[in-house]
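Heads up: the structure comes next, in C-alpha cells.
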Amino acid sequence: MRKPTVTLPTDYLSATNNLTLVAASARLARELRYAFDYEKIQANEKVWTRPQIQSYTQWLLNSYRHLGSRHPSLALRSVVSNDTFLLIAQQQAPNEEVEMHASAIVDAWYLAWEANLWIDFKDIRTTENGQLCDDWFQRIRRCLDREKLITVAEIPELLQRPIAAYGFKDPSVASRNLFEAMARCDLYRDVTESPIRIESTTQRLHGFEKATEEFNTLALWSREKLSAYGTSATIGVVINGLSQSYPIIRRSFESIFPEVKDITRLVAIDSGQPLIQHRVYLDFINLLRWTCGSLDCDVLLQLAKSPYLPRLKLHRKPQKWFRERMTIREYRNRLPRAERSVLDRVVRVAPTRPDQPIAFADTAEAILELLRLCGYTAESKDEFAYLDGNAIKVLNDLVLRLARAAAIRPRISWRRFIDLVEIFAADQTISVARSEAPIQVMGRDASSNLRFDALWVTGVSDVDWPAVPRPNPFLPRIMQKRANLPGISHEQMLEDARVLTNHWRTSSAEVVFSYVSQIDKVAAQPSNLFADLSSENDAEDGASIRSLVDGFELIEYGHPWSTFSVSGVIHEYQQPYGSKVAPENV
C-alpha cells in the first residue's frame with residue numbers, strides 16, 4: 001500500500017465515535033478514510049469500525065435525513081438530485097429560447113444560496129439577464145414548494161450537529177454562517193492541520209511542443225520514481241483539464257506499463273472514462289434511437305454484436321437487402337417470420353408516435369422493458385468485468401434518476417426522453433480509481449492539503465495559470481463582486497494560483513512543473529509565478545528531457561516499447577528496446 005497523502009488530525013482520533021469529520025471535498029474525504037485504514041493495517045489490526053468521515057455535500061444530505069427522522073416538521077421536503085433539479089429548471093424556463101441556458105441558471109441558484117445574495121436581491125433586476133434570472137428563480141421556487149422539494153444549497157440553514165471540519169480554506173458564506181452558528185453552540189471546531197512543509201526541494205520546469213510528449217514523459221517519469229521509491233510511495237500527478245485529457249492520459253500510462261494488465265492497480269485517475277464513450281451506453285442509446293428513426297447499417301452491425309443485448313439477434317454480416325439506412329420496422333419486415341419475435345415485441349413496446357407526449361412514468365417503464373426484452377446483462381467472464389460493472393451501474397443509476405423525475409414532469413414525448421438521456425449521460429463518468437494505487441492523478445484543486453514523495457504538475461503556462469475568471473452570466477457582476485464570490489476577478493485567480501503554487505512547491509521533495517509551448521496555435525511561455533525557475537525547453541536532441549528521465553529514447557517515436565506485429569506473411573521487426581529506427585526505415 002502507498003503511504004497516505006494526509007495526516008488524520010489528533011483532535012479527531014481521540015473522539016472518532018462521537019465526532020464526524022467533514023472534509024471540504026470528496027477527494028479529501030477519501031484520502032482521510034484511506035489514512036485511517038492505513039494506520040489500522042500498519043498496526044496489524046484485523047477488524048475496525050469505519051470512521052465518520054464524509055465530504056461536505058455528503059454530510060449535508062445525511063444530516064438533513066437525520067433531521068427529518070427526528071423532527072419531521074422541520075424536514076418535510078425531499079432533497080432533489082442535481083439531474084432532477086436541472087430538469088425542473090428546463091421545465092420552468094420562461095420561454096423555449098432560454099431553455100438551453102438551464103445549466104447556467106442552476107449554477108446561479110447555487111451561487112445565490114452559497115453567497116446569501118438574498119439580502120440585496122432587489123439588485124438582481126438591474127440587468128436584462130438579472131431580470132430573466134429573477135423570473136426564472138420565482139418559477140423554480142413555486143415548483144419546489146408545490147412538489148415539496150429542497151435543493152442541497154438550501155440545507156445549511158437547517159443544520160446544527162457536532163462536526164470537525166477539515167480543509168475549508170475559503171468556505172462559502174452559507175457554510176461560514178452555518179459553522180459560526182454551530183461554533184457558538186460548541187458543535188463545531190476546525191481541525192485542519194497544515195501539510196508538512198518540505199523546505200529543501202528539487203524544482204524543475206520543462207516545456208513541451210505537444211501534449212502527447214508531455215503525458216508520455218510524465219508517465220515514464222512516474223514509472224522511474226515508482227521504481228526508486230517503491231510501491232509504498234505516493235507519486236502525485238496534477239493535470240490541468242483532467243476530464244478532457246482522461247483517454248490520452250490513460251493510454252500513456254498503459255503504454256509505459258505494458259506488463260501490467262490492469263493499470264488501475266498502479267495508477268488512480270480521479271476522472272474516469274466518459275459514459276458516452278463506453279460500449280454499453282453506445283449500444284443502449286443506438287437501440288433507443290432506432291425505435292424512432294433510421295440507423296446506418298454499420299451501426300446496426302455493431303448493435304448485432306453487442307455483448308449487452310444478446311437477445312436482439314440481428315444479422316452480424318451485411319445482407320443483400322441492406323440499405324444505407326434502415327428503420328426498425330423496415331429491418332423487421334425483411335426478417336423471416338421465425339426470427340422476428342424480439343423485434344416484434346420491441347416495436348410494440350416503443351411508442352408509434354415518438355413526438356406525442358405520454359406519461360413520464362410510462363416512458364421510463366418502456367425503456368426498462370426494452371432492455372429486458374433485449375437481454376440486457378452485465379455478466380462477463382473477462383477478468384476486467386468490474387469495469388463493465390461500473391459502466392452498467394452508472395447507466396442504471398442514470399435511467400433510475402430519470403424515472404424518479406416522473407413526479408416533476410408528468411408527461412414527455414418518447415423522443416424528448418431520449419434527448420434527456422443523452423444530455424444527462426454527457427456529464428457521467430465511469431471511475432475505477434483505487435485509493436491504494438501508488439500513482440495518484442488528480443486535478444488542481446484536489447491536490448491542495450496533500451503531500452507526496454514526488455510530484456509532477458502540468459499546465460503552468462501563462463495561458464493556463466493563473467486560470468481565467470468565470471463569473472456567472474445571469475447574476476449581475478456587481479452582486480457577485482459585493483458578495484466576494486470566488487473566481488470572478490483576475491486578482492482573485494492570481495491569489496488562488498499563488499497559494500496553490502506555494503503548496504505544490506513545499507508538498508514534495510521533488511517537483512516537476514511542465515507546460516505545452518503552443519496552445520491552440522498561440523505561443524505560450526511559463527507563468528510568471530515560475531519566473532525563478534529557468535525553463536528547460538525540449539531541444540531537438542531532447543537533452544533536457546534526457547536529464548529528466550533515464551529512458552527518454554524509449555518515447556522518441558511516441559510509444560515506449562517496441563512492437564512485433566504479424567500481418568499475413570509480412571513480418572515487421574524493430575529493435576528489442578525502444579523505437580530508435582524511424583518508421584520509414586523499418
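Lettering and numbering for the C-alpha cells are positional, with chains as A, B, ... in the shown order, residues counted from 1 in each chain, and ligands counted from 1 in the shown order.
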Contacts between segment 269-276 of chain A and segment 396-470 of chain A, please, where a residue of segment 396-470 of chain A counts if it comes within 12 Å (with only C-alpha atoms); show its shortest atom pair and distance in Å to one decimal, rows by chain and ascending number, as CSV.
```
residue,atom,partner,partner_atom,distance
A:Asn396,CA,A:Leu275,CA,11.5
A:Asp397,CA,A:Leu275,CA,11.9
A:Leu398,CA,A:Leu275,CA,10.4
A:Val421,CA,A:Ile276,CA,10.5
A:Glu422,CA,A:Ile276,CA,8.2
A:Ile423,CA,A:Ile276,CA,10.1
A:Phe424,CA,A:Ile276,CA,10.0
A:Ala425,CA,A:Ile276,CA,6.4
A:Ala426,CA,A:Ile276,CA,6.2
A:Asp427,CA,A:Pro274,CA,7.6
A:Gln428,CA,A:Leu275,CA,5.5
A:Thr429,CA,A:Pro274,CA,4.3
A:Ile430,CA,A:Gly272,CA,5.0
A:Ser431,CA,A:Gly272,CA,4.3
A:Val432,CA,A:Gly272,CA,6.9
A:Ala433,CA,A:Ile269,CA,5.7
A:Arg434,CA,A:Ile269,CA,8.4
A:Ser435,CA,A:Ile269,CA,9.8
A:Glu436,CA,A:Ile269,CA,11.8
A:Ala437,CA,A:Ile269,CA,9.5
A:Pro438,CA,A:Ile269,CA,11.0
A:Ile439,CA,A:Ile269,CA,8.5
A:Gln440,CA,A:Ile269,CA,6.3
A:Val441,CA,A:Ile269,CA,4.6
A:Met442,CA,A:Asp270,CA,5.2
A:Gly443,CA,A:Asp270,CA,7.5
A:Arg444,CA,A:Asp270,CA,11.0
A:Asp445,CA,A:Asp270,CA,11.6
A:Ala446,CA,A:Asp270,CA,9.0
A:Ser447,CA,A:Asp270,CA,10.9
```
Kindly save the residues from that selection, with N, CA and C atoms included, as a compact mmCIF listing (two decimals), in the first residue's frame.
```txt
# COMPACT_ATOMS: atom_id res chain seq x y z
N ASN A 396 -27.39 2.43 -15.18
CA ASN A 396 -28.61 2.09 -14.43
C ASN A 396 -29.05 3.25 -13.53
N ASP A 397 -28.07 3.86 -12.84
CA ASP A 397 -28.40 4.98 -11.97
C ASP A 397 -28.98 6.14 -12.76
N LEU A 398 -28.44 6.35 -13.96
CA LEU A 398 -28.93 7.43 -14.81
C LEU A 398 -30.40 7.20 -15.19
N VAL A 421 -31.85 11.57 -21.87
CA VAL A 421 -30.85 10.54 -21.57
C VAL A 421 -29.48 10.98 -22.09
N GLU A 422 -29.44 11.49 -23.32
CA GLU A 422 -28.18 11.93 -23.91
C GLU A 422 -27.60 13.14 -23.18
N ILE A 423 -28.47 14.08 -22.78
CA ILE A 423 -28.00 15.28 -22.09
C ILE A 423 -27.36 14.92 -20.75
N PHE A 424 -28.06 14.09 -19.96
CA PHE A 424 -27.55 13.73 -18.64
C PHE A 424 -26.34 12.79 -18.74
N ALA A 425 -26.32 11.93 -19.75
CA ALA A 425 -25.20 10.99 -19.90
C ALA A 425 -23.91 11.71 -20.23
N ALA A 426 -24.01 12.89 -20.86
CA ALA A 426 -22.81 13.63 -21.25
C ALA A 426 -21.96 14.03 -20.05
N ASP A 427 -22.57 14.13 -18.85
CA ASP A 427 -21.84 14.55 -17.65
C ASP A 427 -21.41 13.37 -16.78
N GLN A 428 -21.70 12.14 -17.19
CA GLN A 428 -21.40 10.98 -16.36
C GLN A 428 -20.04 10.37 -16.74
N THR A 429 -19.28 9.97 -15.74
CA THR A 429 -18.01 9.29 -15.97
C THR A 429 -17.99 7.97 -15.22
N ILE A 430 -17.18 7.04 -15.73
CA ILE A 430 -17.04 5.72 -15.12
C ILE A 430 -15.70 5.68 -14.40
N SER A 431 -15.73 5.83 -13.11
CA SER A 431 -14.49 5.89 -12.34
C SER A 431 -14.12 4.51 -11.81
N VAL A 432 -12.85 4.13 -11.99
CA VAL A 432 -12.35 2.84 -11.49
C VAL A 432 -11.09 3.06 -10.66
N ALA A 433 -10.94 4.29 -10.12
CA ALA A 433 -9.73 4.61 -9.37
C ALA A 433 -9.67 3.82 -8.07
N ARG A 434 -8.46 3.36 -7.73
CA ARG A 434 -8.24 2.62 -6.48
C ARG A 434 -7.46 3.51 -5.51
N SER A 435 -7.96 3.61 -4.29
CA SER A 435 -7.33 4.50 -3.31
C SER A 435 -5.89 4.10 -3.01
N GLU A 436 -5.60 2.80 -3.07
CA GLU A 436 -4.27 2.32 -2.67
C GLU A 436 -3.22 2.42 -3.77
N ALA A 437 -3.60 2.83 -4.98
CA ALA A 437 -2.65 2.91 -6.10
C ALA A 437 -1.55 3.92 -5.78
N PRO A 438 -0.28 3.58 -6.03
CA PRO A 438 0.82 4.49 -5.65
C PRO A 438 0.89 5.76 -6.51
N ILE A 439 0.41 5.71 -7.75
CA ILE A 439 0.44 6.89 -8.62
C ILE A 439 -0.96 7.51 -8.62
N GLN A 440 -1.08 8.72 -8.08
CA GLN A 440 -2.36 9.40 -7.94
C GLN A 440 -2.43 10.55 -8.94
N VAL A 441 -3.37 10.48 -9.88
CA VAL A 441 -3.54 11.52 -10.91
C VAL A 441 -4.81 12.30 -10.56
N MET A 442 -4.69 13.62 -10.48
CA MET A 442 -5.82 14.43 -10.00
C MET A 442 -5.82 15.80 -10.67
N GLY A 443 -6.91 16.55 -10.44
CA GLY A 443 -7.00 17.92 -10.90
C GLY A 443 -6.31 18.86 -9.93
N ARG A 444 -6.27 20.14 -10.29
CA ARG A 444 -5.53 21.11 -9.47
C ARG A 444 -6.08 21.23 -8.05
N ASP A 445 -7.39 21.50 -7.93
CA ASP A 445 -7.97 21.76 -6.62
C ASP A 445 -7.82 20.57 -5.69
N ALA A 446 -7.89 19.37 -6.24
CA ALA A 446 -7.82 18.16 -5.41
C ALA A 446 -6.45 17.98 -4.77
N SER A 447 -5.43 18.66 -5.29
CA SER A 447 -4.07 18.46 -4.77
C SER A 447 -3.78 19.30 -3.53
```
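Here the DSSP assignment of alpha helix (DSSP H), based on backbone atoms, applies within segment 118-167 of chain A to Glu128, Asn129, Gly130, Gln131, Leu132, Cys133, Asp134, Asp135, Trp136, Phe137, Gln138, Arg139, Ile140, Arg141, Arg142, Cys143, Leu144, Asp145, Arg146 and Glu147 of chain A.
Neighbouring residues of Met100 of chain A at 10 Å or closer, counting only C-alpha atoms and skipping chain neighbours under 5 positions away, are Gln90, Ala93 and Ile105 of chain A.
Among the candidates A:Ile328, A:Ala523, A:Val47, A:Val267, the one nearest to Val347 of chain A when counting only C-alpha atoms is A:Ile328.
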- Query: Near Gln138 of chain A, within 12 Å and counting only C-alpha atoms, which residues show up once chain neighbours fewer than 3 positions away are dropped, as a list of chain:residue names?
  - Reply: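 That gives A:Ala89, A:Gln92, A:Ala93, A:Pro94, A:Ile105, A:Trp109, A:Gln131, A:Leu132, A:Cys133, A:Asp134, A:Asp135, A:Arg141, A:Arg142, A:Cys143, A:Leu144, A:Asp145.
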Would you put the residues from that selection into a file with C-alpha atoms, as a PDB file, in the first residue's frame?
```pdb
ATOM      1  CA  ALA A  89     -35.011  24.366 -14.408  1.00  0.00           C
ATOM      2  CA  GLN A  92     -39.679  26.197 -15.650  1.00  0.00           C
ATOM      3  CA  ALA A  93     -37.830  28.243 -18.295  1.00  0.00           C
ATOM      4  CA  PRO A  94     -39.801  31.444 -19.102  1.00  0.00           C
ATOM      5  CA  ILE A 105     -29.387  29.041 -14.088  1.00  0.00           C
ATOM      6  CA  TRP A 109     -29.214  29.222  -7.966  1.00  0.00           C
ATOM      7  CA  GLN A 131     -34.479  40.134 -14.726  1.00  0.00           C
ATOM      8  CA  LEU A 132     -34.614  36.841 -16.616  1.00  0.00           C
ATOM      9  CA  CYS A 133     -32.825  35.153 -13.692  1.00  0.00           C
ATOM     10  CA  ASP A 134     -35.272  36.594 -11.138  1.00  0.00           C
ATOM     11  CA  ASP A 135     -38.320  35.475 -13.155  1.00  0.00           C
ATOM     12  CA  ARG A 141     -39.365  28.331  -6.203  1.00  0.00           C
ATOM     13  CA  ARG A 142     -43.066  27.774  -6.888  1.00  0.00           C
ATOM     14  CA  CYS A 143     -42.323  24.368  -8.400  1.00  0.00           C
ATOM     15  CA  LEU A 144     -40.144  23.301  -5.445  1.00  0.00           C
ATOM     16  CA  ASP A 145     -42.804  24.441  -2.965  1.00  0.00           C
TER      17      ASP A 145
END
```
- Message: Could you list, as a PyMOL selection string, every residue within 9 Å of Lys210 of chain A, counting only C-alpha atoms and ignoring same-chain residues fewer than 5 positions away?
- Response: chain A and resi 215+516-519
- Near-Ile53 of chain A list (9 Å; only C-alpha atoms; drop same-chain fewer than 5 positions) as number ranges by chain: A: 20-23, 29-30, 32-33, 59
Give me a file of those residues, with N, CA and C atoms, as a PDB file, in the first residue's frame.
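Result went into out-v4.pdb, see below:
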```pdb
ATOM      1  N   THR A  20     -18.049  13.662  13.848  1.00  0.00           N
ATOM      2  CA  THR A  20     -17.991  13.472  12.399  1.00  0.00           C
ATOM      3  C   THR A  20     -16.940  14.407  11.817  1.00  0.00           C
ATOM      4  N   LEU A  21     -16.040  13.864  11.013  1.00  0.00           N
ATOM      5  CA  LEU A  21     -15.018  14.677  10.343  1.00  0.00           C
ATOM      6  C   LEU A  21     -15.536  15.027   8.951  1.00  0.00           C
ATOM      7  N   VAL A  22     -15.729  16.302   8.686  1.00  0.00           N
ATOM      8  CA  VAL A  22     -16.285  16.769   7.422  1.00  0.00           C
ATOM      9  C   VAL A  22     -15.168  17.393   6.593  1.00  0.00           C
ATOM     10  N   ALA A  23     -14.897  16.812   5.439  1.00  0.00           N
ATOM     11  CA  ALA A  23     -13.836  17.304   4.554  1.00  0.00           C
ATOM     12  C   ALA A  23     -14.420  18.225   3.500  1.00  0.00           C
ATOM     13  N   ALA A  29     -11.949  13.706   1.560  1.00  0.00           N
ATOM     14  CA  ALA A  29     -12.597  12.733   2.437  1.00  0.00           C
ATOM     15  C   ALA A  29     -12.075  11.327   2.160  1.00  0.00           C
ATOM     16  N   ARG A  30     -11.900  10.999   0.875  1.00  0.00           N
ATOM     17  CA  ARG A  30     -11.390   9.682   0.504  1.00  0.00           C
ATOM     18  C   ARG A  30      -9.971   9.478   1.040  1.00  0.00           C
ATOM     19  N   LEU A  32      -8.624  10.953   3.671  1.00  0.00           N
ATOM     20  CA  LEU A  32      -8.673  10.832   5.134  1.00  0.00           C
ATOM     21  C   LEU A  32      -9.118   9.432   5.555  1.00  0.00           C
ATOM     22  N   ARG A  33     -10.117   8.871   4.849  1.00  0.00           N
ATOM     23  CA  ARG A  33     -10.547   7.493   5.160  1.00  0.00           C
ATOM     24  C   ARG A  33      -9.414   6.509   4.878  1.00  0.00           C
ATOM     25  N   TRP A  59     -22.253  15.065   3.999  1.00  0.00           N
ATOM     26  CA  TRP A  59     -22.651  15.364   5.374  1.00  0.00           C
ATOM     27  C   TRP A  59     -23.961  16.154   5.402  1.00  0.00           C
TER      28      TRP A  59
END
```
